[in-house]
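> The following file, my_file-v1.cif, comprises mmCIF, C-alpha atoms:
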```cif
data_input
loop_
_atom_site.label_atom_id
_atom_site.label_comp_id
_atom_site.auth_asym_id
_atom_site.auth_seq_id
_atom_site.Cartn_x
_atom_site.Cartn_y
_atom_site.Cartn_z
CA MET A 1 8.53 38.45 -0.79
CA ASP A 2 9.57 41.57 1.07
CA ALA A 3 11.64 44.45 -0.35
CA THR A 4 12.53 47.77 1.27
CA VAL A 5 14.18 50.65 -0.55
CA GLU A 6 15.86 52.89 2.00
CA PRO A 7 15.67 56.71 1.73
CA GLY A 8 17.57 58.08 -1.27
CA ALA A 9 18.27 54.65 -2.78
CA ALA A 10 17.17 53.25 -6.15
CA LEU A 11 16.31 49.60 -6.78
CA ARG A 12 15.20 47.72 -9.88
CA LEU A 13 13.75 44.25 -9.30
CA THR A 14 12.97 41.87 -12.15
CA SER A 15 12.69 38.13 -12.58
CA ALA A 16 14.64 35.77 -14.82
CA ALA A 17 11.56 34.18 -16.37
CA ALA A 18 7.78 34.04 -16.20
CA THR A 19 6.13 32.62 -13.09
CA VAL A 20 4.06 29.57 -14.04
CA VAL A 21 1.23 28.82 -11.61
CA LEU A 22 0.63 25.05 -11.57
CA PRO A 23 -2.19 23.07 -9.93
CA GLY A 24 -1.52 22.24 -6.30
CA ARG A 25 -1.99 19.00 -4.41
CA ASP A 26 -4.27 20.51 -1.78
CA ALA A 27 -7.68 22.10 -2.13
CA GLY A 28 -7.86 25.88 -1.91
CA PRO A 29 -5.74 28.60 -3.42
CA ALA A 30 -2.01 28.98 -3.15
CA THR A 31 -0.86 32.41 -2.00
CA TYR A 32 1.89 34.71 -3.22
CA ASP A 33 2.38 37.82 -1.08
CA VAL A 34 4.56 40.76 -2.06
CA ARG A 35 5.30 43.63 0.34
CA LEU A 36 7.20 46.66 -0.99
CA THR A 37 8.30 49.71 1.01
CA VAL A 38 9.88 52.78 -0.59
CA GLY A 39 11.47 55.50 1.57
CA GLU A 40 11.84 59.26 1.17
CA GLY A 41 13.44 60.26 -2.12
CA ALA A 42 13.85 56.59 -3.08
CA GLU A 43 12.82 54.83 -6.28
CA LEU A 44 11.63 51.28 -6.90
CA ARG A 45 11.12 49.68 -10.30
CA TRP A 46 9.18 46.43 -9.76
CA LEU A 47 9.20 44.75 -13.19
CA PRO A 48 8.70 40.97 -12.92
CA GLU A 49 8.07 38.82 -15.97
CA PRO A 50 4.45 37.69 -16.55
CA LEU A 51 2.54 35.33 -14.31
CA ILE A 52 0.98 32.46 -16.29
CA SER A 53 -2.18 30.92 -14.84
CA VAL A 54 -2.25 27.24 -15.91
CA GLN A 55 -5.47 25.25 -16.19
CA GLY A 56 -6.41 23.72 -12.84
CA SER A 57 -4.33 26.15 -10.77
CA ASP A 58 -5.70 28.50 -8.10
CA LEU A 59 -3.65 31.48 -6.90
CA LEU A 60 -4.27 34.52 -4.73
CA LEU A 61 -1.59 37.16 -5.47
CA THR A 62 -1.45 40.08 -3.05
CA THR A 63 0.85 43.05 -3.58
CA ARG A 64 1.07 45.77 -0.91
CA VAL A 65 3.13 48.92 -1.42
CA ASP A 66 3.91 51.63 1.13
CA LEU A 67 5.40 54.82 -0.31
CA ALA A 68 6.92 57.80 1.46
CA PRO A 69 5.60 61.17 0.19
CA THR A 70 8.64 61.76 -2.08
CA ALA A 71 9.07 58.14 -3.22
CA ARG A 72 8.88 57.13 -6.88
CA LEU A 73 7.52 53.80 -8.10
CA VAL A 74 7.20 51.98 -11.41
CA LEU A 75 5.24 48.77 -10.89
CA ARG A 76 4.25 46.43 -13.70
CA GLU A 77 2.07 43.33 -13.33
CA GLU A 78 1.19 41.04 -16.24
CA GLN A 79 -1.10 38.04 -16.19
CA VAL A 80 -1.33 35.47 -19.00
CA LEU A 81 -4.46 33.36 -18.76
CA GLY A 82 -3.56 29.82 -19.76
CA ARG A 83 -0.81 28.41 -21.91
CA THR A 84 -1.36 28.15 -25.66
CA GLY A 85 -4.61 26.30 -26.34
CA GLU A 86 -5.59 25.77 -22.71
CA HIS A 87 -8.05 27.39 -20.33
CA PRO A 88 -6.68 29.40 -17.41
CA GLY A 89 -6.74 28.46 -13.78
CA ARG A 90 -8.37 30.64 -11.15
CA LEU A 91 -6.34 33.79 -10.51
CA THR A 92 -7.20 36.57 -8.06
CA THR A 93 -4.88 39.56 -7.73
CA ARG A 94 -5.06 42.44 -5.28
CA LEU A 95 -2.88 45.54 -5.51
CA THR A 96 -2.96 48.00 -2.60
CA VAL A 97 -0.78 51.11 -2.64
CA ARG A 98 -0.49 53.67 0.14
CA ARG A 99 1.39 56.95 -0.14
CA ALA A 100 2.24 58.80 3.08
CA GLY A 101 -0.15 56.44 4.87
CA ARG A 102 -3.11 57.35 2.63
CA LEU A 103 -4.72 54.93 0.21
CA LEU A 104 -3.72 55.67 -3.41
CA LEU A 105 -4.99 52.50 -5.12
CA ASP A 106 -6.84 49.37 -4.02
CA GLN A 107 -7.67 47.13 -6.96
CA GLU A 108 -8.75 43.50 -7.13
CA THR A 109 -9.25 41.39 -10.25
CA ALA A 110 -10.35 37.77 -10.65
CA TYR A 111 -10.03 35.56 -13.71
CA GLY A 112 -10.86 31.97 -14.56
CA PRO A 113 -13.37 29.41 -13.30
CA GLY A 114 -15.80 30.84 -10.77
CA ALA A 115 -14.97 34.50 -11.44
CA PRO A 116 -18.13 36.14 -12.80
CA GLY A 117 -17.88 37.87 -16.19
CA TRP A 118 -14.08 37.70 -16.43
CA ASP A 119 -14.07 36.60 -20.08
CA GLY A 120 -17.00 38.74 -21.22
CA PRO A 121 -16.96 41.79 -23.49
CA ALA A 122 -16.75 44.25 -20.58
CA VAL A 123 -13.58 42.70 -19.12
CA LEU A 124 -11.26 40.78 -21.45
CA ALA A 125 -13.36 40.66 -24.63
CA GLY A 126 -11.68 37.44 -25.75
CA HIS A 127 -8.12 38.49 -24.88
CA ARG A 128 -5.77 36.15 -22.98
CA ALA A 129 -3.43 38.64 -21.29
CA ALA A 130 -4.11 41.48 -18.86
CA GLY A 131 -1.85 43.84 -17.00
CA GLN A 132 -1.30 47.14 -15.34
CA LEU A 133 1.46 49.67 -14.94
CA LEU A 134 1.44 52.04 -11.99
CA VAL A 135 3.81 55.01 -11.94
CA THR A 136 3.99 57.32 -8.93
CA ASP A 137 6.17 60.42 -9.03
CA PRO A 138 5.90 63.68 -7.07
CA ALA A 139 6.50 65.46 -10.41
CA PHE A 140 2.92 64.55 -11.44
CA GLU A 141 1.70 67.12 -8.89
CA GLU A 142 3.14 69.85 -11.15
CA ARG A 143 2.48 68.18 -14.51
CA PRO A 144 -0.44 65.73 -14.35
CA LEU A 145 -0.96 63.51 -17.37
CA ASP A 146 -4.15 63.43 -19.42
CA VAL A 147 -6.13 60.26 -20.07
CA ARG A 148 -4.76 58.42 -23.11
CA VAL A 149 -6.02 55.37 -25.00
CA LEU A 150 -3.28 53.18 -26.47
CA GLY A 151 -3.64 50.58 -29.20
CA ARG A 152 -4.66 51.00 -32.80
CA CYS A 153 -6.94 48.00 -33.13
CA PRO A 154 -9.07 46.37 -30.40
CA SER A 155 -8.22 42.88 -31.67
CA GLU A 156 -4.50 43.64 -31.11
CA GLY A 157 -5.08 44.88 -27.57
CA GLU A 158 -5.85 48.17 -25.89
CA ALA A 159 -4.73 50.14 -22.87
CA VAL A 160 -5.93 53.18 -20.98
CA LEU A 161 -3.49 55.45 -19.15
CA ALA A 162 -5.27 57.57 -16.54
CA PRO A 163 -4.19 59.86 -13.70
CA LEU A 164 -5.03 58.86 -10.14
CA ALA A 165 -6.02 61.15 -7.28
CA GLY A 166 -2.41 61.55 -6.16
CA PRO A 167 0.83 62.00 -8.05
CA ALA A 168 0.33 58.78 -10.01
CA VAL A 169 -0.91 57.30 -13.28
CA LEU A 170 -2.30 53.84 -13.92
CA ALA A 171 -2.29 52.01 -17.24
CA THR A 172 -4.64 49.05 -17.57
CA ALA A 173 -4.28 46.85 -20.65
CA VAL A 174 -5.68 43.73 -22.30
CA ALA A 175 -4.16 41.94 -25.28
CA PRO A 176 -4.32 38.60 -27.09
CA ASP A 177 -0.87 37.55 -25.83
CA ALA A 178 2.02 38.50 -23.54
CA LEU A 179 4.11 40.15 -26.27
CA ARG A 180 1.39 42.58 -27.33
CA LEU A 181 0.52 43.25 -23.69
CA ARG A 182 4.15 44.17 -22.96
CA ARG A 183 4.24 46.51 -25.96
CA LEU A 184 1.18 48.37 -24.68
CA LEU A 185 2.58 48.68 -21.16
CA ASP A 186 5.96 49.83 -22.52
CA ALA A 187 4.18 52.53 -24.54
CA ALA A 188 2.35 53.63 -21.40
CA ALA A 189 5.65 53.75 -19.49
CA GLU A 190 7.17 56.00 -22.17
CA LEU A 191 4.22 58.41 -21.92
CA ALA A 192 4.46 58.45 -18.12
CA ALA A 193 8.20 59.18 -18.30
CA GLY A 194 7.48 62.27 -20.38
#
```
Is it possible to give me this structure as structure tokens?


Amino acid sequence: MDATVEPGAALRLTSAAATVVLPGRDAGPATYDVRLTVGEGAELRWLPEPLISVQGSDLLLTTRVDLAPTARLVLREEQVLGRTGEHPGRLTTRLTVRRAGRLLLDQETAYGPGAPGWDGPAVLAGHRAAGQLLVTDPAFEERPLDVRVLGRCPSEGEAVLAPLAGPAVLATAVAPDALRLRRLLDAAAELAAG
């Protein structure tokens, strides 16, 4: 998928429903590549519904974003690891964001069979949903946000909202299900909006 937001324009992209990743017929991972470009003074809100990794599936999701120096971005990614009562498939995601040609964020996560430690206490701690919210805005140069921890109870899910070295903040969250994950990411979005 390729999307370009021309200078001065605003675009909101969502999906009608969750993306369900099913097992393929061939060996090796399926690929899903997203390329987003946001011009000067433009804004992109990339807000797809969750991606659900079904048992036996194998997916490599790559998202690349190129931002002009005055571009604004709200990007949400949510992963649900398995349907109710089932183990997840293998899911590897990579998010790379460049602003004015310089690297702002390069993050890779791997879940499911063969991914070391993915379901341990240092990563998901028993949760079944993970996600992130990235907000870039030139206004953060004047008013950077402080680190915030969201979530009242670890068993209900938790998120951390932290500034990046650039006019951006990143929220990373884990939760027992998609609904609680979305609530955490929505709370982070409200804090980022000021």

> Return as a list in words the set of residues that the PyMOL selection byres ((chain A and resi 124-134) around 7) yields on the displayed structure.

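Output of the PyMOL selection byres ((chain A and resi 124-134) around 7): Val74, Leu75, Arg76, Glu77, Glu78, Gln79, Val80, Leu81, Trp118, Asp119, Gly120, Pro121, Ala122, Val123, Val135, Thr136, Val169, Leu170, Ala171, Thr172, Ala173, Val174, Ala175, Pro176, Asp177, Ala178, Leu181 and Leu185 of chain A.
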
> Excluding same-chain residues fewer than 3 positions from Val38 (chain A), what lies within 7 Å of it counting all atoms listed in the file, as a PyMOL selection string?

chain A and resi 4-6+42-44+66-68+71

> Please, what distance in Å, to one decimal, runs between CA of Gly39 (chain A) and CA of Leu51 (chain A)?

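A separation of 27.2 Å between them.
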
> For the structure provided, state which residues fall under the PyMOL selection byres ((chain A and resi 12) around 8), and present them as a VMD selection string.

chain A and resid 10 to 11 13 to 14 44 to 47

> Give me the residues within 12 Å of Arg102 (chain A) as an NGL selection string, counting only C-alpha atoms and dropping any in the same chain fewer than 4 places off.

:A and (65-69 or 96-98 or 106 or 165-166)

> Determine the residue membership of the PyMOL selection byres ((chain A and resi 30) around 7) for the file above and supply it as a PyMOL selection string.

chain A and resi 28-29+31-32+58-60

> Tell me which of A:Ala189, A:Leu61, A:Ile52, A:Ala9 sits closest to Leu95 (chain A), counting all atoms listed in the file.

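With all atoms listed in the file as the atom set, the closest residue is A:Leu61.
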
> Which is closer to Glu108 (chain A) than all the others in A:Thr84, A:Gly151, A:Glu142, A:Arg64, using all atoms listed in the file?

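That would be A:Arg64, the residue with the smallest distance to Glu108 (chain A).
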
> Enter the distance from CA of Ala162 (chain A) to CA of Asp2 (chain A), in Å, rounded to one decimal.

28.0 Å

> CA of Asp186 (chain A) and CA of Leu150 (chain A), how far apart in Å?

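CA of Leu150 (chain A) sits 10.6 Å away from CA of Asp186 (chain A).
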
> Considering all atoms listed in the file, return as a ChimeraX atom specification whatever protein or nucleic-acid residues lie within 9 Å of Val147 (chain A), sequence-local ones (same chain, fewer than 2 positions apart) excluded.

/A:145,149,160-163

> Given only C-alpha atoms as the basis, pick out the residue of A:Pro48, A:Gly41, A:Gly89, A:Gly112 nearest to Val21 (chain A).

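So, comparing all the options, the nearest one is A:Gly89.
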